>>> print(open('start-v2.cif').read())   # mmCIF, C-alpha atoms and all ligand atoms
data_upload
#
loop_
_atom_site.group_PDB
_atom_site.id
_atom_site.type_symbol
_atom_site.label_atom_id
_atom_site.label_comp_id
_atom_site.auth_asym_id
_atom_site.auth_seq_id
_atom_site.Cartn_x
_atom_site.Cartn_y
_atom_site.Cartn_z
ATOM 1 C CA MET T 277 87.939 80.217 213.620
ATOM 2 C CA LYS T 278 86.361 79.209 210.331
ATOM 3 C CA VAL T 279 82.958 79.119 208.640
ATOM 4 C CA TYR T 280 82.085 75.891 206.820
ATOM 5 C CA PHE T 281 79.476 76.189 204.063
ATOM 6 C CA ILE T 282 78.206 72.641 204.014
ATOM 7 C CA GLY T 283 76.001 70.863 201.509
ATOM 8 C CA ALA T 284 73.620 68.825 203.642
ATOM 9 C CA GLY T 285 72.484 66.751 200.681
ATOM 10 C CA PRO T 286 68.915 66.383 199.450
ATOM 11 C CA GLY T 287 67.240 65.175 202.656
ATOM 12 C CA ASP T 288 68.353 61.731 203.791
ATOM 13 C CA PRO T 289 70.813 62.556 206.616
ATOM 14 C CA GLU T 290 73.087 59.747 205.395
ATOM 15 C CA LEU T 291 73.635 61.594 202.129
ATOM 16 C CA ILE T 292 75.840 64.277 203.692
ATOM 17 C CA THR T 293 79.589 63.832 203.049
ATOM 18 C CA VAL T 294 81.836 62.472 205.814
ATOM 19 C CA LYS T 295 83.643 65.812 205.747
ATOM 20 C CA GLY T 296 80.402 67.792 206.084
ATOM 21 C CA LYS T 297 79.264 65.672 209.016
ATOM 22 C CA LYS T 298 82.635 66.120 210.758
ATOM 23 C CA ALA T 299 82.453 69.894 210.286
ATOM 24 C CA ILE T 300 78.990 69.973 211.891
ATOM 25 C CA GLU T 301 80.214 67.792 214.775
ATOM 26 C CA MET T 302 83.124 70.090 215.608
ATOM 27 C CA SER T 303 81.475 73.508 215.095
ATOM 28 C CA GLY T 304 80.263 75.461 218.102
ATOM 29 C CA TYR T 305 77.639 77.199 215.986
ATOM 30 C CA CYS T 306 75.275 75.778 213.394
ATOM 31 C CA ILE T 307 73.140 77.925 211.109
ATOM 32 C CA TYR T 308 70.945 75.748 208.907
ATOM 33 C CA ALA T 309 68.507 76.625 206.125
ATOM 34 C CA GLY T 310 65.432 75.278 207.876
ATOM 35 C CA SER T 311 63.067 75.599 204.932
ATOM 36 C CA LEU T 312 64.719 72.699 203.105
ATOM 37 C CA VAL T 313 67.461 71.093 205.217
ATOM 38 C CA ASN T 314 66.191 67.980 206.983
ATOM 39 C CA PRO T 315 66.307 68.798 210.732
ATOM 40 C CA ASP T 316 67.541 65.216 211.318
ATOM 41 C CA ILE T 317 70.946 66.550 210.208
ATOM 42 C CA LEU T 318 71.035 68.449 213.512
ATOM 43 C CA LYS T 319 71.664 65.178 215.338
ATOM 44 C CA TYR T 320 75.285 65.589 214.200
ATOM 45 C CA CYS T 321 75.620 68.778 216.317
ATOM 46 C CA SER T 322 77.292 68.380 219.684
ATOM 47 C CA LYS T 323 75.152 69.090 222.732
ATOM 48 C CA ASP T 324 76.639 72.548 223.323
ATOM 49 C CA THR T 325 76.263 73.718 219.727
ATOM 50 C CA ARG T 326 74.251 76.907 219.333
ATOM 51 C CA VAL T 327 71.749 76.140 216.585
ATOM 52 C CA TYR T 328 69.962 78.737 214.432
ATOM 53 C CA ASP T 329 67.412 78.330 211.648
ATOM 54 C CA SER T 330 68.159 80.862 208.908
ATOM 55 C CA ALA T 331 64.742 80.471 207.225
ATOM 56 C CA SER T 332 63.411 83.697 208.680
ATOM 57 C CA MET T 333 66.738 85.544 208.955
ATOM 58 C CA SER T 334 68.140 88.321 206.777
ATOM 59 C CA LEU T 335 71.709 88.265 205.449
ATOM 60 C CA GLY T 336 72.641 90.847 208.093
ATOM 61 C CA GLU T 337 71.284 88.656 210.895
ATOM 62 C CA ILE T 338 73.216 85.646 209.618
ATOM 63 C CA ILE T 339 76.422 87.668 209.493
ATOM 64 C CA ASN T 340 75.768 88.986 213.016
ATOM 65 C CA ILE T 341 75.682 85.411 214.338
ATOM 66 C CA ILE T 342 78.886 84.565 212.472
ATOM 67 C CA GLU T 343 80.562 87.613 214.019
ATOM 68 C CA GLU T 344 79.360 86.495 217.425
ATOM 69 C CA ALA T 345 80.942 83.070 216.788
ATOM 70 C CA ARG T 346 84.179 84.776 215.747
ATOM 71 C CA ASP T 347 84.210 86.791 219.000
ATOM 72 C CA ASP T 348 83.593 83.500 220.801
ATOM 73 C CA ASN T 349 86.395 81.856 218.748
ATOM 74 C CA LYS T 350 84.049 79.070 217.617
ATOM 75 C CA ASP T 351 83.661 77.526 214.158
ATOM 76 C CA VAL T 352 80.368 77.863 212.293
ATOM 77 C CA ALA T 353 78.630 75.131 210.293
ATOM 78 C CA ARG T 354 76.526 76.988 207.731
ATOM 79 C CA VAL T 355 74.314 74.210 206.423
ATOM 80 C CA HIS T 356 72.596 74.476 203.042
ATOM 81 C CA THR T 357 70.372 72.025 201.233
ATOM 82 C CA GLY T 358 71.742 69.848 198.416
ATOM 83 C CA ASP T 359 74.945 71.399 197.142
ATOM 84 C CA PRO T 360 75.510 74.999 198.253
ATOM 85 C CA SER T 361 76.649 76.126 194.790
ATOM 86 C CA ILE T 362 73.219 75.561 193.237
ATOM 87 C CA TYR T 363 70.675 78.288 194.120
ATOM 88 C CA GLY T 364 72.331 78.435 197.529
ATOM 89 C CA ALA T 365 72.756 82.218 197.951
ATOM 90 C CA ILE T 366 76.210 81.586 199.414
ATOM 91 C CA GLN T 367 78.155 84.070 197.280
ATOM 92 C CA GLU T 368 76.787 87.074 199.139
ATOM 93 C CA GLN T 369 77.588 85.469 202.479
ATOM 94 C CA MET T 370 81.158 84.773 201.341
ATOM 95 C CA SER T 371 81.502 88.372 200.124
ATOM 96 C CA GLU T 372 80.463 89.661 203.531
ATOM 97 C CA LEU T 373 82.976 87.322 205.202
ATOM 98 C CA ASP T 374 85.712 88.556 202.824
ATOM 99 C CA LYS T 375 84.972 92.137 203.927
ATOM 100 C CA ARG T 376 85.453 91.080 207.535
ATOM 101 C CA GLY T 377 88.509 88.904 206.931
ATOM 102 C CA ILE T 378 86.682 85.821 208.222
ATOM 103 C CA ASP T 379 88.048 82.530 206.865
ATOM 104 C CA TYR T 380 85.717 80.001 205.221
ATOM 105 C CA GLU T 381 85.592 76.763 203.260
ATOM 106 C CA VAL T 382 82.913 75.161 201.086
ATOM 107 C CA ILE T 383 82.126 71.470 201.524
ATOM 108 C CA PRO T 384 80.080 70.137 198.597
ATOM 109 C CA GLY T 385 76.896 68.107 198.897
ATOM 110 C CA VAL T 386 74.666 65.842 196.830
ATOM 111 C CA SER T 387 72.375 68.125 194.878
ATOM 112 C CA SER T 388 68.688 67.238 194.728
ATOM 113 C CA PHE T 389 68.762 66.723 190.945
ATOM 114 C CA LEU T 390 71.254 63.893 191.520
ATOM 115 C CA ALA T 391 69.075 62.382 194.225
ATOM 116 C CA ALA T 392 66.168 62.648 191.776
ATOM 117 C CA ALA T 393 68.169 60.738 189.136
ATOM 118 C CA SER T 394 68.917 58.067 191.767
ATOM 119 C CA ALA T 395 65.265 57.803 192.726
ATOM 120 C CA LEU T 396 64.461 57.298 189.044
ATOM 121 C CA LYS T 397 67.374 54.864 188.582
ATOM 122 C CA GLN T 398 68.214 56.991 185.599
ATOM 123 C CA GLU T 399 71.415 58.045 183.830
ATOM 124 C CA LEU T 400 71.038 61.642 182.642
ATOM 125 C CA THR T 401 73.611 61.423 179.820
ATOM 126 C CA LEU T 402 72.753 58.568 177.462
ATOM 127 C CA PRO T 403 74.830 57.950 174.321
ATOM 128 C CA GLY T 404 72.940 58.802 171.163
ATOM 129 C CA VAL T 405 70.293 60.709 173.140
ATOM 130 C CA SER T 406 71.813 63.498 175.199
ATOM 131 C CA GLN T 407 75.290 64.264 176.466
ATOM 132 C CA THR T 408 74.313 67.496 178.201
ATOM 133 C CA VAL T 409 72.484 68.224 181.438
ATOM 134 C CA ILE T 410 71.098 71.704 181.967
ATOM 135 C CA ILE T 411 70.298 72.944 185.451
ATOM 136 C CA THR T 412 67.837 75.771 185.248
ATOM 137 C CA ARG T 413 64.704 77.324 186.692
ATOM 138 C CA ILE T 414 61.792 79.410 185.591
ATOM 139 C CA GLU T 415 61.872 83.061 186.533
ATOM 140 C CA GLY T 416 60.553 83.838 189.988
ATOM 141 C CA ARG T 417 61.477 86.721 192.239
ATOM 142 C CA THR T 418 64.988 86.116 190.915
ATOM 143 C CA PRO T 419 65.095 87.057 187.240
ATOM 144 C CA VAL T 420 66.599 84.691 184.660
ATOM 145 C CA PRO T 421 68.840 86.414 182.065
ATOM 146 C CA GLU T 422 67.083 86.707 178.696
ATOM 147 C CA THR T 423 69.694 84.628 176.878
ATOM 148 C CA GLU T 424 68.992 81.698 179.224
ATOM 149 C CA GLY T 425 65.210 81.590 178.896
ATOM 150 C CA LEU T 426 63.698 78.108 178.833
ATOM 151 C CA GLU T 427 62.634 78.598 175.200
ATOM 152 C CA THR T 428 66.277 79.169 174.239
ATOM 153 C CA LEU T 429 67.565 76.210 176.271
ATOM 154 C CA ALA T 430 64.827 73.981 174.828
ATOM 155 C CA LYS T 431 66.412 74.262 171.387
ATOM 156 C CA SER T 432 69.276 72.084 172.636
ATOM 157 C CA LYS T 433 66.915 69.169 173.408
ATOM 158 C CA ALA T 434 69.340 68.366 176.234
ATOM 159 C CA THR T 435 68.281 66.746 179.501
ATOM 160 C CA LEU T 436 66.730 69.500 181.611
ATOM 161 C CA CYS T 437 66.752 69.528 185.401
ATOM 162 C CA ILE T 438 64.391 72.300 186.382
ATOM 163 C CA PHE T 439 64.521 73.564 189.951
ATOM 164 C CA LEU T 440 62.150 75.890 191.807
ATOM 165 C CA SER T 441 59.469 75.677 189.133
ATOM 166 C CA VAL T 442 56.943 72.952 189.928
ATOM 167 C CA SER T 443 54.286 75.517 190.861
ATOM 168 C CA GLU T 444 54.681 76.923 187.325
ATOM 169 C CA ILE T 445 54.434 73.584 185.538
ATOM 170 C CA LYS T 446 51.839 74.796 183.004
ATOM 171 C CA LYS T 447 54.178 77.543 181.887
ATOM 172 C CA VAL T 448 57.101 75.076 181.704
ATOM 173 C CA VAL T 449 55.034 72.714 179.537
ATOM 174 C CA ASP T 450 53.884 75.497 177.195
ATOM 175 C CA ILE T 451 57.444 76.624 176.636
ATOM 176 C CA LEU T 452 58.926 73.141 176.148
ATOM 177 C CA GLU T 453 56.256 71.463 174.013
ATOM 178 C CA PRO T 454 57.253 73.004 170.657
ATOM 179 C CA ALA T 455 60.866 71.753 170.964
ATOM 180 C CA TYR T 456 60.461 68.500 172.904
ATOM 181 C CA GLY T 457 57.044 67.387 171.614
ATOM 182 C CA THR T 458 53.961 66.489 173.683
ATOM 183 C CA ASN T 459 55.068 62.881 174.154
ATOM 184 C CA CYS T 460 58.442 63.761 175.605
ATOM 185 C CA PRO T 461 58.849 62.001 178.951
ATOM 186 C CA VAL T 462 58.919 64.068 182.134
ATOM 187 C CA ALA T 463 59.726 62.919 185.644
ATOM 188 C CA ILE T 464 58.821 64.795 188.787
ATOM 189 C CA VAL T 465 60.602 63.866 191.981
ATOM 190 C CA TYR T 466 59.120 65.399 195.099
ATOM 191 C CA LYS T 467 61.338 65.404 198.190
ATOM 192 C CA ALA T 468 63.962 63.112 196.705
ATOM 193 C CA SER T 469 65.530 60.883 199.396
ATOM 194 C CA TRP T 470 63.068 61.975 202.132
ATOM 195 C CA LYS T 471 60.713 59.405 203.701
ATOM 196 C CA ASP T 472 57.753 60.988 201.875
ATOM 197 C CA GLU T 473 59.472 61.058 198.475
ATOM 198 C CA LYS T 474 57.107 60.838 195.498
ATOM 199 C CA VAL T 475 57.993 60.000 191.909
ATOM 200 C CA ILE T 476 55.753 60.796 188.967
ATOM 201 C CA ILE T 477 56.612 59.540 185.506
ATOM 202 C CA SER T 478 54.608 61.253 182.824
ATOM 203 C CA ASN T 479 54.961 63.225 179.601
ATOM 204 C CA LEU T 480 54.639 66.860 178.614
ATOM 205 C CA SER T 481 50.948 66.558 177.758
ATOM 206 C CA ASP T 482 49.832 65.005 181.089
ATOM 207 C CA VAL T 483 52.332 66.153 183.681
ATOM 208 C CA ALA T 484 50.508 69.311 184.772
ATOM 209 C CA ASP T 485 47.356 67.320 185.637
ATOM 210 C CA GLU T 486 49.430 64.689 187.446
ATOM 211 C CA ILE T 487 51.032 67.354 189.593
ATOM 212 C CA THR T 488 47.652 68.837 190.487
ATOM 213 C CA ARG T 489 46.279 65.382 191.279
ATOM 214 C CA ASN T 490 49.221 64.669 193.572
ATOM 215 C CA ASP T 491 49.010 68.138 195.127
ATOM 216 C CA ILE T 492 52.707 68.897 194.603
ATOM 217 C CA LYS T 493 53.427 72.598 195.022
ATOM 218 C CA LYS T 494 57.106 72.773 195.975
ATOM 219 C CA THR T 495 60.319 70.857 196.789
ATOM 220 C CA ALA T 496 60.347 68.982 193.504
ATOM 221 C CA ILE T 497 62.694 68.603 190.565
ATOM 222 C CA ILE T 498 61.350 68.432 187.046
ATOM 223 C CA ILE T 499 63.447 66.305 184.694
ATOM 224 C CA VAL T 500 62.623 66.510 180.999
ATOM 225 C CA GLY T 501 64.224 64.736 178.087
ATOM 226 C CA ASP T 502 64.377 61.685 175.878
ATOM 227 C CA VAL T 503 66.891 60.015 178.185
ATOM 228 C CA LEU T 504 63.845 59.060 180.270
ATOM 229 C CA SER T 505 62.516 56.926 177.417
ATOM 230 C CA LYS T 506 65.581 54.680 177.830
ATOM 231 C CA ASN T 507 66.031 54.295 174.068
ATOM 232 C CA PHE T 508 69.765 54.553 173.765
ATOM 233 C CA GLU T 509 73.028 53.133 172.503
ATOM 234 C CA TYR T 510 75.316 51.278 174.877
ATOM 235 C CA SER T 511 78.229 53.399 176.023
ATOM 236 C CA LYS T 512 81.662 52.992 174.444
ATOM 237 C CA LEU T 513 83.132 52.943 177.929
ATOM 238 C CA TYR T 514 82.732 49.204 178.487
ATOM 239 C CA ASP T 515 82.839 48.216 174.849
ATOM 240 C CA LYS T 516 85.378 45.367 174.496
ATOM 241 C CA HIS T 517 86.752 46.965 171.300
ATOM 242 C CA PHE T 518 87.420 50.194 173.124
ATOM 243 C CA LYS T 519 91.004 50.760 174.262
ATOM 244 C CA LEU T 520 91.564 51.038 178.004
ATOM 245 C CA SER T 521 93.332 54.382 177.635
ATOM 246 C CA TYR T 522 90.057 56.017 176.585
ATOM 247 C CA ARG T 523 88.365 55.088 179.832
ATOM 248 C CA ARG T 524 89.893 57.860 181.889
HETATM 249 N N1 LIG U 601 71.068 73.730 196.647
HETATM 250 C C1 LIG U 601 69.909 72.894 196.403
HETATM 251 C C2 LIG U 601 68.817 73.636 195.651
HETATM 252 C C3 LIG U 601 68.166 74.744 196.451
HETATM 253 S S1 LIG U 601 66.908 75.558 195.571
HETATM 254 C C4 LIG U 601 70.344 71.619 195.698
HETATM 255 O O1 LIG U 601 71.506 71.497 195.303
HETATM 256 O O2 LIG U 601 69.523 70.720 195.562
HETATM 257 C C5 LIG U 601 65.460 74.740 196.142
HETATM 258 C C6 LIG U 601 64.883 73.839 195.080
HETATM 259 O O3 LIG U 601 65.652 72.655 195.017
HETATM 260 C C7 LIG U 601 63.463 73.359 195.324
HETATM 261 O O4 LIG U 601 62.507 74.276 194.859
HETATM 262 C C8 LIG U 601 63.421 72.101 194.508
HETATM 263 O O5 LIG U 601 63.274 72.396 193.125
HETATM 264 C C9 LIG U 601 64.812 71.562 194.712
HETATM 265 N N2 LIG U 601 64.918 70.598 195.828
HETATM 266 C C10 LIG U 601 65.589 70.749 196.980
HETATM 267 N N3 LIG U 601 65.555 69.606 197.711
HETATM 268 C C11 LIG U 601 64.846 68.717 196.963
HETATM 269 C C12 LIG U 601 64.496 67.356 197.122
HETATM 270 N N4 LIG U 601 64.874 66.657 198.200
HETATM 271 N N5 LIG U 601 63.775 66.748 196.141
HETATM 272 C C13 LIG U 601 63.413 67.414 195.035
HETATM 273 N N6 LIG U 601 63.716 68.706 194.819
HETATM 274 C C14 LIG U 601 64.428 69.341 195.768
#
>>> encode(input="start-v2.cif", output="structure tokens")
Amino acid sequence: MKVYFIGAGPGDPELITVKGKKAIEMSGYCIYAGSLVNPDILKYCSKDTRVYDSASMSLGEIINIIEEARDDNKDVARVHTGDPSIYGAIQEQMSELDKRGIDYEVIPGVSSFLAAASALKQELTLPGVSQTVIITRIEGRTPVPETEGLETLAKSKATLCIFLSVSEIKKVVDILEPAYGTNCPVAIVYKASWKDEKVIISNLSDVADEITRNDIKKTAIIIVGDVLSKNFEYSKLYDKHFKLSYRR
């Protein structure tokens, strides 16, 4: 018996990995994070699979179901949105499984910031502009360590992918403006890869109004940085003067 922590991808059920889909198909139990995982993913469950939505469950309740599956000698597909390693709250589940000697495996998924970059048809690491992508969030119920505050990260001028923060856009703008400048481009991708995906291209001075106008309150990624202005140098990777051995 094994528990599979599976990244369901950002929404489009075709963006799950082949391995993740197979694990769902063969597991007798499926516990999915219903607040964000597209329920269409559940079509990969077999007809006898016992399906649970973890949105309203505590950690203890989730573990109880996993123990039930163990007693039943059935595998569990524990389905998380995007990639489970990003704001997935999987570490505590794995710790509890360690205590019980229950075996598990993590199957990665396409994180929503990558689906947002695809929606924008945008490379996040442009030569001469930014070679660093920072995944971060503004403080919510979960505190952010002081050394990682947005004001500190802003000094890098790197490409920022800000999760869980669209409802706090005014605060994000106030913190970023001094470092990035009011004209710095910002993209908001709401429900990347879902049928009702929305893309807003703006800048730091206007983005808060745009978000209000479009009534976006959650499930969005904020991408900030000069890469979005598409002013860049061509990469050395496909430069004809560049030796093949450097391409690895
Ligand atoms: N593990 C997930 C993130 C979970 S935290 C991942 O890798 O994507 C939840 C936050 O992720 C949301 O508040 C939002 O900022 C972002 N998010 C999740 N799905 C999204 C989507 N389809 N489009 C845009 N943002 C999304």
>>> resolve_selection(input="start-v2.cif", expression="the PyMOL selection byres (((chain T and resi 494) around 8) and not hetatm)", output="count of residues only")
9
>>> residues_around(input="start-v2.cif", residues="Ile451 of chain T", least_positions_apart="3", cutoff="12 Å", atoms="all atoms listed in the file", output="list in words")
Ile414, Gly425, Leu426, Glu427, Thr428, Leu429, Ala430, Lys431, Glu444, Ile445, Lys446, Lys447, Val448, Pro454, Ala455, Tyr456, Gly457, Thr458 and Leu480 of chain T
>>> residues_near_ligand(input="start-v2.cif", ligand="ligand LIG 601 (chain U)", cutoff="9 Å", atoms="only C-alpha atoms and all ligand atoms", output="VMD selection string")
chain T and resid 283 to 288 312 to 314 356 to 365 385 to 392 413 437 to 442 464 to 470 473 to 474 494 to 498
>>> atom_distance(input="start-v2.cif", atom1="atom CA of Gln369 of chain T", atom2="atom CA of Ile292 of chain T")
21.3 Å
>>> resolve_selection(input="start-v2.cif", expression="the PyMOL selection byres (((chain T and resi 433) around 10) and not hetatm)", output="VMD selection string")
chain T and resid 405 to 406 408 to 410 429 to 432 434 to 436 452 455 to 456 500 to 502
>>> atom_distance(input="start-v2.cif", atom1="atom CA of Ile477 of chain T", atom2="atom CA of Arg489 of chain T")
13.2 Å
>>> closest_residue(input="start-v2.cif", among="T:Val355, T:Lys297, T:Thr401, T:Glu381", to="Ile282 of chain T", atoms="only C-alpha atoms")
T:Val355
>>> resolve_selection(input="start-v2.cif", expression="the PyMOL selection byres (((chain T and resi 307) around 12) and not hetatm)", output="VMD selection string")
chain T and resid 279 to 282 284 300 303 to 306 308 to 310 313 315 317 to 318 321 325 to 333 335 337 to 342 345 351 to 357
>>> write_last_selection(input="start-v2.cif", atoms="C-alpha atoms", output="mmCIF file, in the frame of the given file")
data_model
loop_
_atom_site.group_PDB
_atom_site.id
_atom_site.type_symbol
_atom_site.label_atom_id
_atom_site.label_comp_id
_atom_site.auth_asym_id
_atom_site.auth_seq_id
_atom_site.Cartn_x
_atom_site.Cartn_y
_atom_site.Cartn_z
ATOM 1 C CA VAL T 279 82.958 79.119 208.640
ATOM 2 C CA TYR T 280 82.085 75.891 206.820
ATOM 3 C CA PHE T 281 79.476 76.189 204.063
ATOM 4 C CA ILE T 282 78.206 72.641 204.014
ATOM 5 C CA ALA T 284 73.620 68.825 203.642
ATOM 6 C CA ILE T 300 78.990 69.973 211.891
ATOM 7 C CA SER T 303 81.475 73.508 215.095
ATOM 8 C CA GLY T 304 80.263 75.461 218.102
ATOM 9 C CA TYR T 305 77.639 77.199 215.986
ATOM 10 C CA CYS T 306 75.275 75.778 213.394
ATOM 11 C CA TYR T 308 70.945 75.748 208.907
ATOM 12 C CA ALA T 309 68.507 76.625 206.125
ATOM 13 C CA GLY T 310 65.432 75.278 207.876
ATOM 14 C CA VAL T 313 67.461 71.093 205.217
ATOM 15 C CA PRO T 315 66.307 68.798 210.732
ATOM 16 C CA ILE T 317 70.946 66.550 210.208
ATOM 17 C CA LEU T 318 71.035 68.449 213.512
ATOM 18 C CA CYS T 321 75.620 68.778 216.317
ATOM 19 C CA THR T 325 76.263 73.718 219.727
ATOM 20 C CA ARG T 326 74.251 76.907 219.333
ATOM 21 C CA VAL T 327 71.749 76.140 216.585
ATOM 22 C CA TYR T 328 69.962 78.737 214.432
ATOM 23 C CA ASP T 329 67.412 78.330 211.648
ATOM 24 C CA SER T 330 68.159 80.862 208.908
ATOM 25 C CA ALA T 331 64.742 80.471 207.225
ATOM 26 C CA SER T 332 63.411 83.697 208.680
ATOM 27 C CA MET T 333 66.738 85.544 208.955
ATOM 28 C CA LEU T 335 71.709 88.265 205.449
ATOM 29 C CA GLU T 337 71.284 88.656 210.895
ATOM 30 C CA ILE T 338 73.216 85.646 209.618
ATOM 31 C CA ILE T 339 76.422 87.668 209.493
ATOM 32 C CA ASN T 340 75.768 88.986 213.016
ATOM 33 C CA ILE T 341 75.682 85.411 214.338
ATOM 34 C CA ILE T 342 78.886 84.565 212.472
ATOM 35 C CA ALA T 345 80.942 83.070 216.788
ATOM 36 C CA ASP T 351 83.661 77.526 214.158
ATOM 37 C CA VAL T 352 80.368 77.863 212.293
ATOM 38 C CA ALA T 353 78.630 75.131 210.293
ATOM 39 C CA ARG T 354 76.526 76.988 207.731
ATOM 40 C CA VAL T 355 74.314 74.210 206.423
ATOM 41 C CA HIS T 356 72.596 74.476 203.042
ATOM 42 C CA THR T 357 70.372 72.025 201.233
#
>>> atom_distance(input="start-v2.cif", atom1="atom CA of Asp515 of chain T", atom2="atom CA of Gln407 of chain T")
17.8 Å
>>> residues_around(input="start-v2.cif", residues="Tyr320 of chain T", least_positions_apart="6", cutoff="10 Å", atoms="all atoms listed in the file", output="PyMOL selection string")
chain T and resi 289+296-302
>>> closest_residue(input="start-v2.cif", among="T:Leu513, T:Ile366, T:Val462, T:Val449", to="Ile383 of chain T", atoms="only C-alpha atoms")
T:Ile366
>>> decode(input="start-v2.cif", residues="segment 351-413 of chain T", atoms="C-alpha atoms", output="compact mmCIF listing (two decimals), in the first residue's frame")
# COMPACT_ATOMS: atom_id res chain seq x y z
CA ASP T 351 -3.37 2.87 -2.50
CA VAL T 352 -4.25 6.53 -1.98
CA ALA T 353 -4.03 9.28 -4.60
CA ARG T 354 -3.56 12.48 -2.61
CA VAL T 355 -4.17 15.11 -5.26
CA HIS T 356 -2.88 18.67 -4.86
CA THR T 357 -3.12 21.63 -7.18
CA GLY T 358 -0.17 22.66 -9.37
CA ASP T 359 2.98 21.12 -7.94
CA PRO T 360 2.62 19.79 -4.39
CA SER T 361 5.95 21.28 -3.26
CA ILE T 362 4.73 24.86 -3.64
CA TYR T 363 2.40 25.99 -0.82
CA GLY T 364 1.04 22.45 -0.80
CA ALA T 365 1.10 21.68 2.95
CA ILE T 366 2.38 18.19 2.14
CA GLN T 367 5.31 18.12 4.56
CA GLU T 368 3.08 17.72 7.60
CA GLN T 369 1.16 14.92 5.90
CA MET T 370 4.41 13.13 5.06
CA SER T 371 5.61 13.55 8.66
CA GLU T 372 2.43 11.92 9.94
CA LEU T 373 2.89 9.05 7.46
CA ASP T 374 6.52 8.63 8.61
CA LYS T 375 5.27 8.26 12.20
CA ARG T 376 2.95 5.49 11.06
CA GLY T 377 5.44 3.77 8.76
CA ILE T 378 3.19 4.36 5.74
CA ASP T 379 5.05 4.43 2.42
CA TYR T 380 4.61 7.37 0.02
CA GLU T 381 5.89 8.94 -3.17
CA VAL T 382 5.62 12.45 -4.61
CA ILE T 383 4.69 12.89 -8.27
CA PRO T 384 5.40 16.44 -9.46
CA GLY T 385 2.97 18.65 -11.35
CA VAL T 386 2.91 21.79 -13.47
CA SER T 387 2.81 24.69 -11.06
CA SER T 388 0.38 27.52 -11.77
CA PHE T 389 3.18 30.07 -12.23
CA LEU T 390 4.41 27.99 -15.18
CA ALA T 391 0.92 27.80 -16.63
CA ALA T 392 0.73 31.58 -16.19
CA ALA T 393 3.98 32.01 -18.15
CA SER T 394 2.52 29.78 -20.90
CA ALA T 395 -0.68 31.80 -21.01
CA LEU T 396 1.45 34.93 -21.42
CA LYS T 397 3.73 33.23 -23.97
CA GLN T 398 6.52 34.56 -21.84
CA GLU T 399 10.02 33.39 -20.90
CA LEU T 400 10.70 34.31 -17.27
CA THR T 401 14.51 34.38 -17.56
CA LEU T 402 15.59 36.74 -20.33
CA PRO T 403 19.29 37.40 -20.99
CA GLY T 404 20.32 40.90 -20.00
CA VAL T 405 17.11 41.39 -18.01
CA SER T 406 16.70 38.75 -15.33
CA GLN T 407 18.16 35.32 -14.74
CA THR T 408 16.29 34.70 -11.50
CA VAL T 409 12.69 33.79 -10.74
CA ILE T 410 11.43 34.28 -7.21
CA ILE T 411 8.36 32.43 -5.99
CA THR T 412 6.88 34.24 -3.06
CA ARG T 413 3.72 35.46 -1.38
